[in-house]
Amino acid sequence: MRAARVYRTPAVVLRRVRLGEMDMILTLFTAYHGKIRAVGKGIRRPGSRSGGHLDIPMHSTLQIARGRSLDIVTQSETIDAFVALRDDLTRTALAFEVIELIDRVTEEGHEDRALFEFLVATLHRVADDPDPDLAVRFWEMGVLERAGYRPNLHTCVQCDHPLERVDSFCSATAGGILCPTCGARVPGARPIGANAFAMARLLQNGDYATACRVRRDEDLRRDLEAFLRAQIAHVLDRNLASTAFLNRVRSMT
Ligand SMILES: [Zn+2]
């Protein structure tokens, strides 16, 4: 059976690359077709009606026509524009991290409805929640798990002893948390405080609601962010480009 020539799907815009004078090649994460690329015709034209529906990280319902090489977006209706991002550079930078991470860990053409829902929920949290950083940490933990890199938070990755909730060490190359004894001996291991470690477990268990209620001080934030960023950089074999942007924004504010 031939595939339908036109299909509709909710989608989030991940990336836009210029194509000629007026068009853009869009990288989209869609609900029904996973990550795809499609041409947005005429969206660089001043006053283009469809252009605004296709900004990063807009959540829209798109109608897409199959093309010979690339598919073409023929209609778009915005579902969520995440307007709260527009006036907040820090939240915008965090949203770019969310977007870049999903773009880096997914291949084109693999449907993953749950990941799509998680992406949309995360963008809402980054736009509207009191603590957008925690939403990004939850996202990072979830994406690591889906990508098959679940950090070991229950036994020391070196000596295999059950971990206690104490100040410990972490190492992305070793694959998770080290007990205080091993951590002090493993080159490159960095400290992670007991509270950040406990928070990492909450996030790994998917308990975002409880995580939101835990008091979070600067030490916890710093340790948790460093832990998850190191894990992700290890998996991707590089840092996210958007992290440098976020760091610049933070240094300005
Ligand atoms: Zn150990």
# chains A, B, ... in the order shown; residues from 1 in each chain; ligands from 1
>>> residues_around(residues="A:Val105", least_positions_apart="4", cutoff="9 Å", atoms="only C-alpha atoms", output="ChimeraX atom specification")
/A:100-101,143-144,147,236
>>> write_last_selection(atoms="all heavy atoms", output="compact mmCIF listing (two decimals), in the first residue's frame")
# COMPACT_ATOMS: atom_id res chain seq x y z
N GLU A 100 17.89 21.07 21.68
CA GLU A 100 19.13 20.53 21.11
C GLU A 100 19.35 19.09 21.55
O GLU A 100 19.79 18.24 20.77
CB GLU A 100 20.34 21.39 21.50
CG GLU A 100 21.61 20.94 20.76
CD GLU A 100 22.88 21.66 21.18
OE1 GLU A 100 22.81 22.63 21.96
OE2 GLU A 100 23.95 21.23 20.72
N LEU A 101 19.01 18.81 22.82
CA LEU A 101 19.23 17.45 23.32
C LEU A 101 18.38 16.44 22.56
O LEU A 101 18.88 15.38 22.15
CB LEU A 101 18.93 17.39 24.82
CG LEU A 101 19.17 16.03 25.48
CD1 LEU A 101 20.60 15.54 25.28
CD2 LEU A 101 18.85 16.10 26.98
N VAL A 143 15.72 11.63 29.26
CA VAL A 143 16.28 11.39 27.92
C VAL A 143 17.46 10.42 28.00
O VAL A 143 17.61 9.54 27.15
CB VAL A 143 16.68 12.73 27.26
CG1 VAL A 143 17.51 12.49 26.00
CG2 VAL A 143 15.43 13.53 26.91
N LEU A 144 18.28 10.55 29.04
CA LEU A 144 19.39 9.60 29.24
C LEU A 144 18.84 8.18 29.32
O LEU A 144 19.36 7.26 28.70
CB LEU A 144 20.15 9.92 30.53
CG LEU A 144 21.22 11.01 30.48
CD1 LEU A 144 21.72 11.30 31.89
CD2 LEU A 144 22.38 10.60 29.58
N ALA A 147 17.61 6.92 26.04
CA ALA A 147 18.72 6.67 25.11
C ALA A 147 19.53 5.44 25.53
O ALA A 147 20.50 5.09 24.88
CB ALA A 147 19.62 7.90 25.02
N LEU A 236 27.01 11.99 24.39
CA LEU A 236 27.07 12.64 23.07
C LEU A 236 28.50 12.81 22.58
O LEU A 236 28.72 13.19 21.44
CB LEU A 236 26.41 14.02 23.14
CG LEU A 236 24.94 14.09 23.52
CD1 LEU A 236 24.50 15.54 23.56
CD2 LEU A 236 24.09 13.30 22.54
>>> closest_atom_pairs(of="chain A", to="ligand 1", cutoff="7 Å", atoms="only C-alpha atoms and all ligand atoms", output="tab-separated table")
residue	atom	partner	partner_atom_place_in_ligand_line	distance
A:Cys156	CA	ligand 1	1 (Zn)	4.6
A:Val157	CA	ligand 1	1 (Zn)	6.6
A:Gln158	CA	ligand 1	1 (Zn)	5.0
A:Cys159	CA	ligand 1	1 (Zn)	4.0
A:Asp160	CA	ligand 1	1 (Zn)	6.1
A:His161	CA	ligand 1	1 (Zn)	6.0
A:Leu178	CA	ligand 1	1 (Zn)	5.3
A:Cys179	CA	ligand 1	1 (Zn)	4.2
A:Pro180	CA	ligand 1	1 (Zn)	6.8
A:Thr181	CA	ligand 1	1 (Zn)	5.9
A:Cys182	CA	ligand 1	1 (Zn)	4.3
A:Gly183	CA	ligand 1	1 (Zn)	6.9
>>> residues_around(residues="A:Arg37", least_positions_apart="3", cutoff="12 Å", atoms="only C-alpha atoms", output="VMD selection string")
chain A and resid 11 to 17 24 to 30 33 to 34 40 64 to 67 69 to 73 103 107 to 109
>>> residues_around(residues="stretch 118-125 of chain A", least_positions_apart="5", cutoff="12 Å", atoms="only C-alpha atoms", output="MDAnalysis selection string")
chainID A and resid 10:14 28:31 34 56:60 79:85 91:103 112:113 130:143 146 206 208:209 212
>>> residues_around(residues="stretch 170-172 of chain A", least_positions_apart="3", cutoff="10 Å", atoms="only C-alpha atoms", output="ChimeraX atom specification")
/A:151-153,156-157,175-180,183,186-193,197,223,226-235
>>> write_last_selection(atoms="C-alpha atoms", output="PDB file, in the first residue's frame")
ATOM      1  CA  PRO A 151      23.080   6.318  35.399  1.00  0.00           C
ATOM      2  CA  ASN A 152      23.593   3.830  38.234  1.00  0.00           C
ATOM      3  CA  LEU A 153      22.388   5.574  41.413  1.00  0.00           C
ATOM      4  CA  CYS A 156      28.836   2.148  43.675  1.00  0.00           C
ATOM      5  CA  VAL A 157      29.957   1.771  40.063  1.00  0.00           C
ATOM      6  CA  GLY A 175      28.715   5.398  34.631  1.00  0.00           C
ATOM      7  CA  GLY A 176      27.242   6.962  37.759  1.00  0.00           C
ATOM      8  CA  ILE A 177      27.881   7.383  41.478  1.00  0.00           C
ATOM      9  CA  LEU A 178      30.907   6.275  43.491  1.00  0.00           C
ATOM     10  CA  CYS A 179      30.915   5.642  47.244  1.00  0.00           C
ATOM     11  CA  PRO A 180      33.075   8.070  49.281  1.00  0.00           C
ATOM     12  CA  GLY A 183      35.384   8.293  44.752  1.00  0.00           C
ATOM     13  CA  VAL A 186      39.088   7.425  41.042  1.00  0.00           C
ATOM     14  CA  PRO A 187      40.757  10.059  38.830  1.00  0.00           C
ATOM     15  CA  GLY A 188      38.324  12.669  37.493  1.00  0.00           C
ATOM     16  CA  ALA A 189      35.523  11.805  39.939  1.00  0.00           C
ATOM     17  CA  ARG A 190      33.812  14.933  41.243  1.00  0.00           C
ATOM     18  CA  PRO A 191      31.942  15.382  44.518  1.00  0.00           C
ATOM     19  CA  ILE A 192      28.146  15.248  44.559  1.00  0.00           C
ATOM     20  CA  GLY A 193      26.412  16.283  47.777  1.00  0.00           C
ATOM     21  CA  PHE A 197      22.281  12.637  44.930  1.00  0.00           C
ATOM     22  CA  ASP A 223      25.969  19.440  41.799  1.00  0.00           C
ATOM     23  CA  ALA A 226      27.157  19.247  36.768  1.00  0.00           C
ATOM     24  CA  PHE A 227      26.311  15.558  37.234  1.00  0.00           C
ATOM     25  CA  LEU A 228      23.706  15.428  34.463  1.00  0.00           C
ATOM     26  CA  ARG A 229      25.654  17.630  32.042  1.00  0.00           C
ATOM     27  CA  ALA A 230      28.698  15.401  32.429  1.00  0.00           C
ATOM     28  CA  GLN A 231      26.577  12.301  31.773  1.00  0.00           C
ATOM     29  CA  ILE A 232      25.104  13.873  28.638  1.00  0.00           C
ATOM     30  CA  ALA A 233      28.439  15.172  27.347  1.00  0.00           C
ATOM     31  CA  HIS A 234      29.808  11.655  27.836  1.00  0.00           C
ATOM     32  CA  VAL A 235      26.923  10.066  25.893  1.00  0.00           C
TER      33      VAL A 235
END
>>> select_by_dssp(residues="stretch 34-201 of chain A", states="helix (DSSP H, G or I)", output="NGL selection string")
:A and (51-54 or 83-85 or 89-105 or 113-128 or 132-146 or 180-183 or 194-201)
>>> residues_around(residues="A:Arg44", least_positions_apart="4", cutoff="10 Å", atoms="only C-alpha atoms", output="VMD selection string")
chain A and resid 18 to 24 40 48 50 to 52
>>> write_last_selection(atoms="N, CA, C and O atoms", output="mmCIF file, in the first residue's frame")
data_model
loop_
_atom_site.group_PDB
_atom_site.id
_atom_site.type_symbol
_atom_site.label_atom_id
_atom_site.label_comp_id
_atom_site.auth_asym_id
_atom_site.auth_seq_id
_atom_site.Cartn_x
_atom_site.Cartn_y
_atom_site.Cartn_z
ATOM 1 N N ARG A 18 18.166 27.820 6.351
ATOM 2 C CA ARG A 18 17.747 28.555 5.154
ATOM 3 C C ARG A 18 17.811 27.679 3.914
ATOM 4 O O ARG A 18 18.746 26.905 3.732
ATOM 5 N N LEU A 19 16.819 27.832 3.070
ATOM 6 C CA LEU A 19 16.817 27.145 1.778
ATOM 7 C C LEU A 19 16.426 28.191 0.738
ATOM 8 O O LEU A 19 15.272 28.604 0.668
ATOM 9 N N GLY A 20 17.395 28.656 -0.021
ATOM 10 C CA GLY A 20 17.118 29.694 -1.016
ATOM 11 C C GLY A 20 16.701 30.989 -0.351
ATOM 12 O O GLY A 20 17.006 31.238 0.817
ATOM 13 N N GLU A 21 15.966 31.824 -1.087
ATOM 14 C CA GLU A 21 15.614 33.159 -0.605
ATOM 15 C C GLU A 21 14.483 33.139 0.413
ATOM 16 O O GLU A 21 14.502 33.886 1.388
ATOM 17 N N MET A 22 13.478 32.316 0.194
ATOM 18 C CA MET A 22 12.234 32.430 0.950
ATOM 19 C C MET A 22 11.916 31.220 1.821
ATOM 20 O O MET A 22 11.032 31.289 2.666
ATOM 21 N N ASP A 23 12.598 30.104 1.595
ATOM 22 C CA ASP A 23 12.186 28.856 2.245
ATOM 23 C C ASP A 23 13.134 28.470 3.383
ATOM 24 O O ASP A 23 14.218 29.022 3.522
ATOM 25 N N MET A 24 12.687 27.513 4.159
ATOM 26 C CA MET A 24 13.490 26.969 5.246
ATOM 27 C C MET A 24 13.345 25.449 5.240
ATOM 28 O O MET A 24 12.245 24.939 4.986
ATOM 29 N N GLY A 40 9.588 24.390 4.761
ATOM 30 C CA GLY A 40 8.597 25.433 5.008
ATOM 31 C C GLY A 40 8.693 26.435 3.874
ATOM 32 O O GLY A 40 9.649 27.206 3.802
ATOM 33 N N SER A 48 4.869 36.581 6.081
ATOM 34 C CA SER A 48 4.381 35.232 5.789
ATOM 35 C C SER A 48 3.428 34.764 6.879
ATOM 36 O O SER A 48 3.714 34.884 8.065
ATOM 37 N N SER A 50 2.389 31.666 7.522
ATOM 38 C CA SER A 50 2.758 30.411 8.180
ATOM 39 C C SER A 50 4.041 30.540 8.997
ATOM 40 O O SER A 50 4.282 29.752 9.900
ATOM 41 N N GLY A 51 4.869 31.560 8.683
ATOM 42 C CA GLY A 51 6.181 31.659 9.318
ATOM 43 C C GLY A 51 6.127 31.628 10.826
ATOM 44 O O GLY A 51 6.884 30.918 11.476
ATOM 45 N N GLY A 52 5.194 32.385 11.414
ATOM 46 C CA GLY A 52 5.104 32.489 12.865
ATOM 47 C C GLY A 52 4.750 31.183 13.548
ATOM 48 O O GLY A 52 5.097 30.966 14.705
#
>>> closest_residue(among="A:Tyr149, A:Phe245, A:Phe116, A:Tyr32", to="A:Leu62", atoms="only C-alpha atoms")
A:Tyr32
>>> atom_distance(atom1="atom CA of A:Ala211", atom2="atom CA of A:Asn247")
23.9 Å
>>> atom_distance(atom1="atom CA of A:Thr90", atom2="atom CA of A:Arg250")
6.9 Å
>>> decode(residues="stretch 46-77 of chain A", atoms="N, CA and C atoms", output="PDB file, in the first residue's frame")
ATOM      1  N   PRO A  46       8.627  38.335   4.124  1.00  0.00           N
ATOM      2  CA  PRO A  46       8.097  39.257   5.139  1.00  0.00           C
ATOM      3  C   PRO A  46       6.579  39.150   5.202  1.00  0.00           C
ATOM      4  N   GLY A  47       6.041  39.028   6.409  1.00  0.00           N
ATOM      5  CA  GLY A  47       4.596  38.954   6.576  1.00  0.00           C
ATOM      6  C   GLY A  47       4.009  37.596   6.255  1.00  0.00           C
ATOM      7  N   SER A  48       4.869  36.581   6.081  1.00  0.00           N
ATOM      8  CA  SER A  48       4.381  35.232   5.789  1.00  0.00           C
ATOM      9  C   SER A  48       3.428  34.764   6.879  1.00  0.00           C
ATOM     10  N   ARG A  49       2.279  34.214   6.476  1.00  0.00           N
ATOM     11  CA  ARG A  49       1.275  33.831   7.460  1.00  0.00           C
ATOM     12  C   ARG A  49       1.696  32.569   8.214  1.00  0.00           C
ATOM     13  N   SER A  50       2.389  31.666   7.522  1.00  0.00           N
ATOM     14  CA  SER A  50       2.758  30.411   8.180  1.00  0.00           C
ATOM     15  C   SER A  50       4.041  30.540   8.997  1.00  0.00           C
ATOM     16  N   GLY A  51       4.869  31.560   8.683  1.00  0.00           N
ATOM     17  CA  GLY A  51       6.181  31.659   9.318  1.00  0.00           C
ATOM     18  C   GLY A  51       6.127  31.628  10.826  1.00  0.00           C
ATOM     19  N   GLY A  52       5.194  32.385  11.414  1.00  0.00           N
ATOM     20  CA  GLY A  52       5.104  32.489  12.865  1.00  0.00           C
ATOM     21  C   GLY A  52       4.750  31.183  13.548  1.00  0.00           C
ATOM     22  N   HIS A  53       4.064  30.283  12.828  1.00  0.00           N
ATOM     23  CA  HIS A  53       3.716  28.986  13.418  1.00  0.00           C
ATOM     24  C   HIS A  53       4.915  28.054  13.448  1.00  0.00           C
ATOM     25  N   LEU A  54       5.987  28.443  12.783  1.00  0.00           N
ATOM     26  CA  LEU A  54       7.086  27.511  12.560  1.00  0.00           C
ATOM     27  C   LEU A  54       8.398  28.001  13.154  1.00  0.00           C
ATOM     28  N   ASP A  55       8.302  28.853  14.185  1.00  0.00           N
ATOM     29  CA  ASP A  55       9.496  29.253  14.928  1.00  0.00           C
ATOM     30  C   ASP A  55       9.890  28.132  15.892  1.00  0.00           C
ATOM     31  N   ILE A  56      11.146  28.172  16.356  1.00  0.00           N
ATOM     32  CA  ILE A  56      11.607  27.258  17.404  1.00  0.00           C
ATOM     33  C   ILE A  56      11.147  27.827  18.745  1.00  0.00           C
ATOM     34  N   PRO A  57      10.583  27.068  19.670  1.00  0.00           N
ATOM     35  CA  PRO A  57      10.216  25.655  19.664  1.00  0.00           C
ATOM     36  C   PRO A  57       8.701  25.484  19.548  1.00  0.00           C
ATOM     37  N   MET A  58       8.099  26.132  18.569  1.00  0.00           N
ATOM     38  CA  MET A  58       6.639  26.160  18.452  1.00  0.00           C
ATOM     39  C   MET A  58       6.032  24.760  18.379  1.00  0.00           C
ATOM     40  N   HIS A  59       4.900  24.587  19.060  1.00  0.00           N
ATOM     41  CA  HIS A  59       4.144  23.330  19.029  1.00  0.00           C
ATOM     42  C   HIS A  59       2.907  23.575  18.178  1.00  0.00           C
ATOM     43  N   SER A  60       2.836  22.929  17.031  1.00  0.00           N
ATOM     44  CA  SER A  60       1.758  23.183  16.074  1.00  0.00           C
ATOM     45  C   SER A  60       1.204  21.876  15.532  1.00  0.00           C
ATOM     46  N   THR A  61       0.011  21.967  14.953  1.00  0.00           N
ATOM     47  CA  THR A  61      -0.468  20.862  14.129  1.00  0.00           C
ATOM     48  C   THR A  61      -0.129  21.204  12.690  1.00  0.00           C
ATOM     49  N   LEU A  62       0.573  20.297  12.043  1.00  0.00           N
ATOM     50  CA  LEU A  62       1.018  20.566  10.676  1.00  0.00           C
ATOM     51  C   LEU A  62       0.347  19.607   9.705  1.00  0.00           C
ATOM     52  N   GLN A  63       0.063  20.121   8.528  1.00  0.00           N
ATOM     53  CA  GLN A  63      -0.311  19.253   7.407  1.00  0.00           C
ATOM     54  C   GLN A  63       0.886  19.227   6.478  1.00  0.00           C
ATOM     55  N   ILE A  64       1.309  18.027   6.137  1.00  0.00           N
ATOM     56  CA  ILE A  64       2.557  17.874   5.394  1.00  0.00           C
ATOM     57  C   ILE A  64       2.304  17.009   4.164  1.00  0.00           C
ATOM     58  N   ALA A  65       2.808  17.459   3.024  1.00  0.00           N
ATOM     59  CA  ALA A  65       2.668  16.695   1.781  1.00  0.00           C
ATOM     60  C   ALA A  65       3.977  15.976   1.503  1.00  0.00           C
ATOM     61  N   ARG A  66       3.871  14.702   1.148  1.00  0.00           N
ATOM     62  CA  ARG A  66       5.089  13.960   0.818  1.00  0.00           C
ATOM     63  C   ARG A  66       5.661  14.493  -0.489  1.00  0.00           C
ATOM     64  N   GLY A  67       6.962  14.746  -0.469  1.00  0.00           N
ATOM     65  CA  GLY A  67       7.617  15.238  -1.677  1.00  0.00           C
ATOM     66  C   GLY A  67       8.561  14.183  -2.208  1.00  0.00           C
ATOM     67  N   ARG A  68       9.130  14.444  -3.374  1.00  0.00           N
ATOM     68  CA  ARG A  68      10.019  13.460  -3.983  1.00  0.00           C
ATOM     69  C   ARG A  68      11.280  13.280  -3.124  1.00  0.00           C
ATOM     70  N   SER A  69      11.870  14.401  -2.700  1.00  0.00           N
ATOM     71  CA  SER A  69      13.035  14.290  -1.819  1.00  0.00           C
ATOM     72  C   SER A  69      12.650  14.697  -0.402  1.00  0.00           C
ATOM     73  N   LEU A  70      12.197  15.927  -0.234  1.00  0.00           N
ATOM     74  CA  LEU A  70      11.793  16.385   1.093  1.00  0.00           C
ATOM     75  C   LEU A  70      10.287  16.641   1.119  1.00  0.00           C
ATOM     76  N   ASP A  71       9.668  16.353   2.270  1.00  0.00           N
ATOM     77  CA  ASP A  71       8.251  16.663   2.440  1.00  0.00           C
ATOM     78  C   ASP A  71       8.072  18.184   2.586  1.00  0.00           C
ATOM     79  N   ILE A  72       6.846  18.632   2.377  1.00  0.00           N
ATOM     80  CA  ILE A  72       6.578  20.075   2.390  1.00  0.00           C
ATOM     81  C   ILE A  72       5.425  20.378   3.346  1.00  0.00           C
ATOM     82  N   VAL A  73       5.645  21.344   4.241  1.00  0.00           N
ATOM     83  CA  VAL A  73       4.577  21.769   5.149  1.00  0.00           C
ATOM     84  C   VAL A  73       3.578  22.597   4.344  1.00  0.00           C
ATOM     85  N   THR A  74       2.307  22.153   4.342  1.00  0.00           N
ATOM     86  CA  THR A  74       1.310  22.871   3.544  1.00  0.00           C
ATOM     87  C   THR A  74       0.333  23.664   4.411  1.00  0.00           C
ATOM     88  N   GLN A  75       0.192  23.294   5.695  1.00  0.00           N
ATOM     89  CA  GLN A  75      -0.671  24.069   6.600  1.00  0.00           C
ATOM     90  C   GLN A  75      -0.109  23.979   8.000  1.00  0.00           C
ATOM     91  N   SER A  76      -0.345  25.025   8.799  1.00  0.00           N
ATOM     92  CA  SER A  76       0.105  24.968  10.189  1.00  0.00           C
ATOM     93  C   SER A  76      -0.852  25.740  11.085  1.00  0.00           C
ATOM     94  N   GLU A  77      -1.153  25.136  12.229  1.00  0.00           N
ATOM     95  CA  GLU A  77      -1.975  25.804  13.247  1.00  0.00           C
ATOM     96  C   GLU A  77      -1.243  25.687  14.573  1.00  0.00           C
TER      97      GLU A  77
END
